[in-house]
Each structure stands twice: as C-alpha cells, then as structure tokens.
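Comments concern the structure below.
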Number of protein chains: 2
Amino acid sequence: MTDHTHDPAARSWVASADHPDTDFPLQNLPLGVFTLRGREQDTPRIGVAIGDQVFDLLQALPLLPALPPEVREALCSPRLNALFALGRPAIGAVRHAVWRLLEAGFAERQRAADALRPQSDVVLHLPCDIGDYTDFFASPNHARNTFNLFRPGQTFLPNFVHLPIAYHGRASSIVPAGAPLRRPWGQVRIHPDGSPQVVPTRKLDIEVELGFYVGQGNPLGQPVPLSEAEQHLAGVCVLNDWSARDIQAFESQPLGPFQSKNFCSSLAPWVVTLEALAPFRAAAAPRESAAPPLQPYLEHPADAAAGAFDIRLETSLRTEAMRQRGEPPVPITRSRFAHDVCWTPAQMLTHHTLGGCNLRPGDLLGSGTISGPEPGTEGSLLELTWNGARPLALPHGESRTFLLDGDEVTLTAWCEREGFRRIGLGRCTTLIRPALEAPY
Amino acid sequence: MTDHTHDPAARSWVASADHPDTDFPLQNLPLGVFTLRGREQDTPRIGVAIGDQVFDLLQALPLLPALPPEVREALCSPRLNALFALGRPAIGAVRHAVWRLLEAGFAERQRAADALRPQSDVVLHLPCDIGDYTDFFASPNHARNTFNLFRPGQTFLPNFVHLPIAYHGRASSIVPAGAPLRRPWGQVRIHPDGSPQVVPTRKLDIEVELGFYVGQGNPLGQPVPLSEAEQHLAGVCVLNDWSARDIQAFESQPLGPFQSKNFCSSLAPWVVTLEALAPFRAAAAPRESAAPPLQPYLEHPADAAAGAFDIRLETSLRTEAMRQRGEPPVPITRSRFAHDVCWTPAQMLTHHTLGGCNLRPGDLLGSGTISGPEPGTEGSLLELTWNGARPLALPHGESRTFLLDGDEVTLTAWCEREGFRRIGLGRCTTLIRPALEAPY
C-alpha cells in the first residue's frame, strides 16, 4: 500500500535529495542515530537521512508539534528502541511529519534547514540497543550450496522447507559500518583429521544479509500471528555477518556456529522503514520446486502474498593494492532479497515466536546469507570460490579465495521499480585489519 | 585463597543466619535485586541475603562510607551490572564491608537492622540486565549420554576434548525463579520420517546448570588470557535451561537448537560471588581418559589447577497429585559441578574471547547440563529416562518420562566442605502451565 509519500514526483527543498543517484530522496527518510564528528562522546541524537544531509529530529522537534507526546518523547532518546516500541503507527507518523517538513512546499524551510547537518560532519552509531540478534538461514540457494559443499550425497535438510531455520547470534559484537575488523584467532584443523591448531583464521568470509529490526515487542509466552507480524517489524538495514569458515568447520557440531561468527557483525547504520519499502513488495522465492504445503501458521493469505521486498544487494571489494593504485572497489556479487530468499520477514518473526519467545524493540533478525542461483550471485566467498577451490579473479592479476588483510569490503542495497523513486539502504564498508600477533 | 570472611566460627547478629540449614550464613552474602512485595513497580534495589532476611544496601549506604565513590554509586543502581563492571576488587570490597556490618561484633547493629527486610516480604528480580547469554556443553557425561542416544556408533565429537563447545542462547526469555513456564508449541516430527506437526511439546525437559555472570567486560577484539579470566567473573547462580526435545530433534540441523530452547530459561535470583566460593575450589573433571594435551591458551598453571568449584546440585519434582496430597517434592537427580564438568568457568570465558568476542558486565555463561556418571546423577530427563524409554518412578505409582502440566520443578545448589560453613545458591522453582489452546 503506497501513499503520497511514495509519489515519485515529490521533491525536497534539500537539493542533494533530488540527485538521481542518492540513496536518500524524500521518498526514503531512513532513521539513524548520530553525533557530530569530533564530539562522539555527546549523547547521540535521532536523525533522518535526506540527500547528503542528516535532519536532526531533536532540534526539529519544535516543528513537529502535532506528533503525539509519547512519540515526541521517544524522539528525544539516544536510540531508536523507544520509538520502535511504539509500533508502526508511531513510525508512520514520524515519516509523514518529517516528509511534510522536507517537502519542497514547506513554508518554514529556513527553520527546518537549521536542523540539517552534512553527513560528512556526523558519526553514525548503532541505531538501537540490540537486545538479541537472531540469524536465519532462509535462502534456498545458499542452503543448497553449503549443503553440496559439506554433505554431498546426503539427504537435504528435511526441515528447510517446513520452517525458517535460525540460530541465536551474538549481540555484543555488532558494530556500525566503518568500524574495522580484526582477523580473529581460533582453533582450526588444518589437516582434515589432524589435531587443531590455534591460528588466525585463513578463511575469513562475508555473509551478505539484510537485518530486520523488531518494532513493537511481544510478551513472553504470547506468539505473534502472521497477520500481525509486520506490525512488529520496524525496518531494514544492510548486514554483513562475518564468518571464519575454518573455525566454523571445527566447532559447529553439535550445537552450531559460535566463535566462527561472534567476533563481529557489521551493519549499515540507517533503518529504512517498512513504510518506505511499501512500493517494493514482492513474493518470496519458492521453497523448493515440490515443497509440501506450509503449516497454516506460516501461510500468507493469498491477498497478502507479497510479504517480501525486492531489495537488491551488491558487494564490492577493494584490495590494498587497488587502494594504493587509487582504483575503485570492484563488484564481486549481486543478489536480491525477495528473489533469493524463501521466507518473508513476517514468517521469520512469526516462527520465532511460535513457542512464546519474546522479541523486544530493537532486536535484530538477520535474513541469513542471500545467494542467487547463478554464478556471481552467491552471498559469500565460501560459495563464490567453492570453499577456495575456484579463486575469484580481480584486476591486475590479483585474486581471492577468502579475505586478506587490507581488503576493504562494501555491501550496498537499494530498491528500484518502474514508476517509483529509487531508495537506498546506505552502505556498510569494513577494512580488514591483521590479527593480533598473539591472542594473549 | 580464603580470608576471615570464610571463618566458620564467625557469626552474624541476624539470628536466622546461624541456622545450620540456611543457604545464607554470614560466610555467603550473595547479591540480588528486590522490590517489596506488593510494590513490584518500584525501582528495584540491590540487597544481600542473610539468613531469612534481605539486607537493603541502598538503605545501608550511610553505614558504608569507606567504600569508594564509584562503588557507592553502583550500589544505587537497580541492577548489578554497574557493580560487576567495576570488577572483582569492588565486589570484594562490598563483601568485606557488608560482612563487618552483619558480623556479631558490629556496634551499630540497630541502625543496620533497619535495613533488613524479611525475604518473605520481597520479590526478587533478575539481578542483571543480561546482554548476551551463552550456553556451554561442558559435562563429558552429558556429552556421552546425548551422543549415545542420538548418534550411536559414530565417532565421538572430535572437538569436545579440544575446546569448551558453546552456542548463543536467548537473553530475552530468561526469567527469575517463581515465574511459571508455559508449555511451548513447536514443529515436531511425531513419526521419525513423517511430516512435522504443530503441537505443544511432548518432551518438555529440564537442564540442570549453573550460570556464571561476567563481571568486568573486555573490549571487542581483545581476548582475555586464562590468567586474568577470573577477574572477569562475578559470581554464580542456579540455572534451569528448559528444553523441548521433540522440537530440538527436528530443528537443530545444521545450525543448532533455537526454538527448542528460547521459550524460557529460569534462574535463581541470588549471585554467589567468587569470593564466597573460595573455600570450595576444586579441579575440573578429566576431559577424557586419553585426552590430548590442551592448547596452551586453555592450560591452567599447575598451581592454579583448582579452577572449578565443588558445587552440589539437586533437582526435585512435585507433581500436581503430590501437591494435592500435601507431599513434599522428591529428589530426582544430584550432580556436582567440578566433579562432572571438564572445563572451568575461566577456561570457558577465555575460549569465548579467543576470537575477540566482547563480553559485557552481566552477561551470563551457562555451564551446560551437569550430568554425573552414575544413574541418578543425570542433569536432564532426556538422560534420566533415556529419551522416555525408562520412565522415572515417583511415589504412589506415578511416573514421568518428560514433564507434565502441573509439575513443579526445583533446582537447588550448595557448597559444603569439612571445616567451612555450608553456603547455598538458593533455589529455582518453576510450575509448568498448560500450553495455550492454540498458539495464534
């Protein structure tokens, strides 16, 4: 369902918001949390991205008198949790109110302009205190690829078509874009049947994902039906769920990945709301060509089948040599959320609560690695290079299996559709730093 | 290393603290967070258990002028996170200062007595905001039992003797003792090769565990060496990590348990500090009879080999029929932490940080199910009844495989050693409520 805030002809008086390549036109208005550069110790403030600017909602509050008092109070918080807790109506009210202030026809634009800060002058922080981080496993291509790599010839996971598989990740080590990543140490079995050694990972990998923020929470013991699930989702961000494949291979049985994942996850700091995504709804990918019927609790009614979003993702790599030569990053993979993932965010959230698990505002649900079916659309180097067997060719004769120190990885994502303004999710760039010389 | 606060002859002027069966003599002084019954919406306060009383540290603050200002400030908090963040010296300072106020010779006992509240008049809350919850898999008996149940004839987990296996659990659904548990729904394959059905779990189980709270945190990217690990541990509690074995069987491949665990974990609300545990140090269990040498980062120096604690656990069950007949609970299993678990809390913490994962004050590390080697010492009904094949006989002809609605489960734990006062960790009692009639 789209409204006037999706009108592609609508323009902002902020000139940079009309640039055709901007991630942040008037139709987007993603939420974030910032401090001024050089004043990172200040209490963060909530802002909205518009063109190359951040619109400071705390400063703009006097221009937003019609917002309900509880929404105004939430906008004074240093994180988005309080706003998200108020649910979709509150998030929608903020969108509409801010849209009006930034739209070309707004009469008091000078007062509003006082609340603009160049994005180059701010530092963006994690938008929420993330209480729990859950990572799903929801791309059939990714599931097939990893299965064929590690369990060839066995029966494919019997649960994959019946439920969105997930595991709990580490919340403490989630960092915003720009924070560098130190290569982790771990126990690795270098020879398949040998003793493990403690070494810096040799198989440092990306996982191209989206992260969905929980909005309104649910009490412990009270599942959220699918028909209400989207009322509990606030928005989406780009997420890179770093993985160390050699550590993962040794540790993951019987309880799943732990240290191979918990050293870091990086996310783009803007939250694109479900309101902004409305024009880009799409059906999710099929689970399997001959999948059994869904359990009723996971079945979207036919008229609401477009429960996924057509979000395009691109990952690029810039090696240290490329940086020294002044070359731009090269794209290494592209995939699409709705096209390549078979469970909708609503299905993930509903399944998560089936047993009564309580989700809290600001919790993060990772989509899992988003891999397409064709070469060049895999969401990890594990798949792109077939666990290192097929190196990826880069310019000037360089190549990669897994990441090397000095590599810089950038994930971006955006939505585009005929008849609508393109909106972007921003970018998540991370530089790989060498491991500590010794862990202790 | 023990000091005068462990002197078994020391007595408190609080009479109930001298009762030989109390969990909370002067030698214990565990920390908790409480409100007065009927005033649960008040801001919680930090208290210390003494006999059948809670000593209100906020009210007693004027009697503790010698504590450093940052410690005094932390004691005004509604949770223990701020105190734990200050590390072991601060926690030890509080112990010594409170010991002096409650010791029989204290001159101003009337002023101190004003800060006592009967435990029957207070409600105990979660002592910390638990940022992340990690659950280990560290009892060789439990590992062997579950392996023999589900993978008989296969090669035993090659990683078990090399590292403390762990996975991330759900922090949001941790509740304090006394909160009832609603039986969760989930997808279950009732016939081994059939389609899954959505049903209330038929295999609701306990996991008898201890939980270790993180004290001082470590920054992301900075591992904690074993020699410093105990400086990052604050204390221990009793933990029941509820599990739904039928849901677990269907969902756990390839990424580990999720919904089978995230519906609830219950803990006893008192934190027994490492200071109080000092007299009960013990070596951990052997990993395996012919285990390979440890990686150096996990090797306790010989003079600090007593890195575990001799904590005894007992679980009892009271069915609805037993309650109606006015009968007490019956013990169903007993085990011992150091005796039955092969990794020390320090090894768990150090391994957790090997890749740089940051732990935050108040994070919880679960020991994993603590199972002994003999019948009657298994830490789960899965093991006690061999996945339901050998029902447990109860009084009056009742029996159990897994838990039924109306069952009430109590975990307790304590330390005892010749020449020292017995100290207890309190108890964790939970009543099983029926599943919702339908999840949605």
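Lettering and numbering for the structure tokens are positional, with chains as A, B, ... in the shown order, residues counted from 1 in each chain, and ligands counted from 1 in the shown order.
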Dump as number ranges by chain the residues of chain B that approach chain A to within 6 Å, counting only C-alpha atoms.
B: 167-169, 184-186, 225, 255-256, 258, 262-263, 355-357, 440
Could those selected residues go to a file with C-alpha atoms, as a tab-separated table (two decimals), in the first residue's frame?
```
chain	number	residue	atom	x	y	z
B	167	TYR	CA	26.30	-21.76	21.46
B	168	HIS	CA	24.45	-18.50	21.89
B	169	GLY	CA	21.16	-18.67	23.75
B	184	PRO	CA	5.60	-24.20	24.19
B	185	TRP	CA	4.21	-25.13	20.79
B	186	GLY	CA	6.55	-26.12	18.02
B	225	PRO	CA	44.03	-14.68	28.89
B	255	LEU	CA	22.71	-24.56	12.99
B	256	GLY	CA	21.91	-25.87	16.46
B	258	PHE	CA	16.74	-22.47	18.58
B	262	ASN	CA	14.44	-19.95	23.51
B	263	PHE	CA	10.99	-20.16	25.11
B	355	GLY	CA	38.45	-14.59	18.57
B	356	GLY	CA	37.97	-11.20	20.21
B	357	CYS	CA	34.31	-11.51	21.21
B	440	TYR	CA	-2.36	-17.97	17.39
```
Non-local contacts of Ser77 of chain A (10 Å; only C-alpha atoms; under 5 positions in same chain excluded) as an MDAnalysis selection string
chainID A and resid 33 43:46 58 72 82:83
DSSP says strand (DSSP E) for which residues of segment 154-308 of chain A? Put them as a VMD selection string?
chain A and resid 165 to 168 174 to 176 181 to 182 185 to 188 197 to 200 204 to 205 208 to 214 233 to 240 243 to 244 265 to 267 272 to 273 281 to 282 308
Please save N, CA and C atoms of the selected residues as a short mmCIF file (atom, residue, chain, number, x, y, z; two decimals), in the first residue's frame.
```cif
data_model
loop_
_atom_site.label_atom_id
_atom_site.label_comp_id
_atom_site.auth_asym_id
_atom_site.auth_seq_id
_atom_site.Cartn_x
_atom_site.Cartn_y
_atom_site.Cartn_z
N ILE A 165 14.75 -21.87 9.36
CA ILE A 165 15.80 -22.29 10.30
C ILE A 165 16.50 -21.03 10.82
N ALA A 166 16.87 -21.05 12.07
CA ALA A 166 17.55 -19.88 12.65
C ALA A 166 18.42 -20.33 13.82
N TYR A 167 19.33 -19.47 14.20
CA TYR A 167 20.10 -19.68 15.42
C TYR A 167 20.33 -18.32 16.06
N HIS A 168 20.70 -18.35 17.33
CA HIS A 168 20.96 -17.09 18.04
C HIS A 168 22.39 -16.66 17.80
N ILE A 174 28.07 -6.62 17.49
CA ILE A 174 27.54 -5.93 16.31
C ILE A 174 28.07 -4.50 16.31
N VAL A 175 28.65 -4.10 15.19
CA VAL A 175 29.26 -2.76 15.10
C VAL A 175 28.71 -2.05 13.86
N PRO A 176 28.75 -0.72 13.89
CA PRO A 176 28.28 0.00 12.71
C PRO A 176 29.34 0.04 11.61
N LEU A 181 37.64 -4.39 11.17
CA LEU A 181 37.50 -5.77 11.65
C LEU A 181 38.89 -6.36 11.85
N ARG A 182 39.15 -6.86 13.05
CA ARG A 182 40.41 -7.54 13.30
C ARG A 182 40.23 -9.02 13.03
N TRP A 185 41.53 -15.03 15.83
CA TRP A 185 42.18 -16.32 16.09
C TRP A 185 41.11 -17.35 16.41
N GLY A 186 41.50 -18.62 16.22
CA GLY A 186 40.59 -19.68 16.61
C GLY A 186 41.25 -21.03 16.49
N GLN A 187 40.53 -22.04 16.95
CA GLN A 187 41.02 -23.42 16.79
C GLN A 187 40.59 -23.93 15.42
N VAL A 188 41.56 -24.36 14.65
CA VAL A 188 41.33 -24.76 13.27
C VAL A 188 42.03 -26.10 13.03
N GLN A 197 44.92 -26.51 15.53
CA GLN A 197 45.94 -25.53 15.88
C GLN A 197 45.25 -24.20 16.17
N VAL A 198 45.89 -23.39 16.98
CA VAL A 198 45.36 -22.06 17.28
C VAL A 198 46.06 -21.07 16.35
N VAL A 199 45.31 -20.57 15.40
CA VAL A 199 45.87 -19.70 14.35
C VAL A 199 44.86 -18.60 14.02
N PRO A 200 45.32 -17.51 13.41
CA PRO A 200 44.36 -16.56 12.85
C PRO A 200 43.60 -17.25 11.71
N LEU A 204 38.51 -16.11 6.23
CA LEU A 204 37.65 -15.01 6.66
C LEU A 204 36.70 -14.67 5.52
N ASP A 205 35.41 -14.61 5.83
CA ASP A 205 34.39 -14.53 4.78
C ASP A 205 33.34 -13.50 5.14
N VAL A 208 26.42 -11.86 3.03
CA VAL A 208 25.60 -10.75 2.54
C VAL A 208 24.18 -10.94 3.06
N GLU A 209 23.75 -10.04 3.93
CA GLU A 209 22.45 -10.21 4.56
C GLU A 209 21.70 -8.89 4.67
N LEU A 210 20.44 -9.01 4.98
CA LEU A 210 19.66 -7.88 5.46
C LEU A 210 19.32 -8.14 6.92
N GLY A 211 19.19 -7.05 7.68
CA GLY A 211 18.77 -7.18 9.07
C GLY A 211 17.44 -6.48 9.26
N PHE A 212 16.50 -7.15 9.89
CA PHE A 212 15.19 -6.55 10.16
C PHE A 212 15.08 -6.24 11.65
N TYR A 213 14.75 -4.99 11.95
CA TYR A 213 14.61 -4.59 13.34
C TYR A 213 13.20 -4.88 13.84
N VAL A 214 13.13 -5.41 15.05
CA VAL A 214 11.83 -5.58 15.70
C VAL A 214 11.34 -4.22 16.17
N LEU A 233 7.47 -5.29 13.01
CA LEU A 233 8.72 -5.04 12.31
C LEU A 233 8.85 -3.55 12.04
N ALA A 234 10.03 -3.00 12.30
CA ALA A 234 10.20 -1.56 12.15
C ALA A 234 10.87 -1.19 10.83
N GLY A 235 11.90 -1.92 10.46
CA GLY A 235 12.62 -1.54 9.25
C GLY A 235 13.77 -2.47 8.97
N VAL A 236 14.57 -2.10 7.99
CA VAL A 236 15.59 -3.00 7.47
C VAL A 236 16.92 -2.26 7.33
N CYS A 237 18.01 -3.02 7.44
CA CYS A 237 19.35 -2.47 7.21
C CYS A 237 20.19 -3.49 6.47
N VAL A 238 21.33 -3.04 5.96
CA VAL A 238 22.30 -3.93 5.33
C VAL A 238 23.18 -4.53 6.43
N LEU A 239 23.44 -5.81 6.33
CA LEU A 239 24.15 -6.54 7.40
C LEU A 239 25.21 -7.45 6.79
N ASN A 240 26.40 -7.37 7.31
CA ASN A 240 27.48 -8.29 6.90
C ASN A 240 27.83 -9.14 8.11
N SER A 243 32.20 -14.29 8.94
CA SER A 243 32.33 -15.69 9.31
C SER A 243 33.77 -16.15 9.09
N ALA A 244 34.20 -17.05 9.94
CA ALA A 244 35.53 -17.66 9.81
C ALA A 244 35.29 -19.14 9.51
N SER A 265 29.78 -8.60 13.69
CA SER A 265 28.80 -8.43 12.61
C SER A 265 28.71 -6.93 12.37
N SER A 266 28.72 -6.53 11.10
CA SER A 266 28.72 -5.10 10.75
C SER A 266 27.42 -4.73 10.08
N LEU A 267 26.88 -3.56 10.43
CA LEU A 267 25.65 -3.16 9.75
C LEU A 267 25.70 -1.70 9.33
N VAL A 272 15.80 1.67 7.11
CA VAL A 272 14.76 2.01 6.13
C VAL A 272 13.47 1.36 6.60
N THR A 273 12.46 2.20 6.81
CA THR A 273 11.24 1.70 7.44
C THR A 273 10.39 0.87 6.49
N ARG A 281 7.19 -4.22 -2.51
CA ARG A 281 6.75 -5.53 -2.05
C ARG A 281 6.83 -6.55 -3.18
N ALA A 282 7.13 -7.79 -2.82
CA ALA A 282 7.23 -8.86 -3.80
C ALA A 282 7.00 -10.18 -3.09
N ALA A 308 7.47 -10.28 1.00
CA ALA A 308 8.91 -10.00 0.95
C ALA A 308 9.10 -8.64 0.27
#
```
Identify, on the basis of only C-alpha atoms, every residue whose closest approach to segment 416-425 of chain B does not exceed 9 Å; exclude the query and any residue fewer than 2 positions from it along the same chain; express the result as a VMD selection string.
chain B and resid 6 to 9 20 to 28 30 236 to 238 268 to 272 276 to 277 279 to 280 310 to 312 412 to 414 427
What lies within 10 Å of Pro62 of chain B using only C-alpha atoms, ignoring chain neighbours under 5 positions off, as a VMD selection string?
chain B and resid 57 72 111 to 112
Written file, previous selection with N, CA, C and O atoms, as a PDB file, in the first residue's frame:
```pdb
ATOM      1  N   LEU B  57      20.984  -2.690  50.594  1.00  0.00           N
ATOM      2  CA  LEU B  57      22.246  -1.945  50.528  1.00  0.00           C
ATOM      3  C   LEU B  57      22.033  -0.465  50.256  1.00  0.00           C
ATOM      4  O   LEU B  57      22.864   0.355  50.639  1.00  0.00           O
ATOM      5  N   ARG B  72      29.921   3.027  45.684  1.00  0.00           N
ATOM      6  CA  ARG B  72      28.693   3.525  46.300  1.00  0.00           C
ATOM      7  C   ARG B  72      27.662   3.902  45.240  1.00  0.00           C
ATOM      8  O   ARG B  72      26.473   3.613  45.377  1.00  0.00           O
ATOM      9  N   ARG B 111      21.073   0.299  63.772  1.00  0.00           N
ATOM     10  CA  ARG B 111      20.951   1.037  62.501  1.00  0.00           C
ATOM     11  C   ARG B 111      20.981   0.069  61.319  1.00  0.00           C
ATOM     12  O   ARG B 111      20.236   0.222  60.359  1.00  0.00           O
ATOM     13  N   ALA B 112      21.866  -0.934  61.433  1.00  0.00           N
ATOM     14  CA  ALA B 112      21.930  -1.915  60.338  1.00  0.00           C
ATOM     15  C   ALA B 112      20.624  -2.706  60.252  1.00  0.00           C
ATOM     16  O   ALA B 112      20.128  -3.008  59.162  1.00  0.00           O
TER      17      ALA B 112
END
```
Apply DSSP to the structure's backbone, then extract all residues of segment 74-103 of chain B labelled helix (DSSP H, G or I) and return them as JSON, numbers by chain.
{"B": [74, 81, 82, 83, 84, 85, 88, 89, 90, 91, 92, 93, 94, 95, 96, 97, 98, 99, 100, 101, 102]}
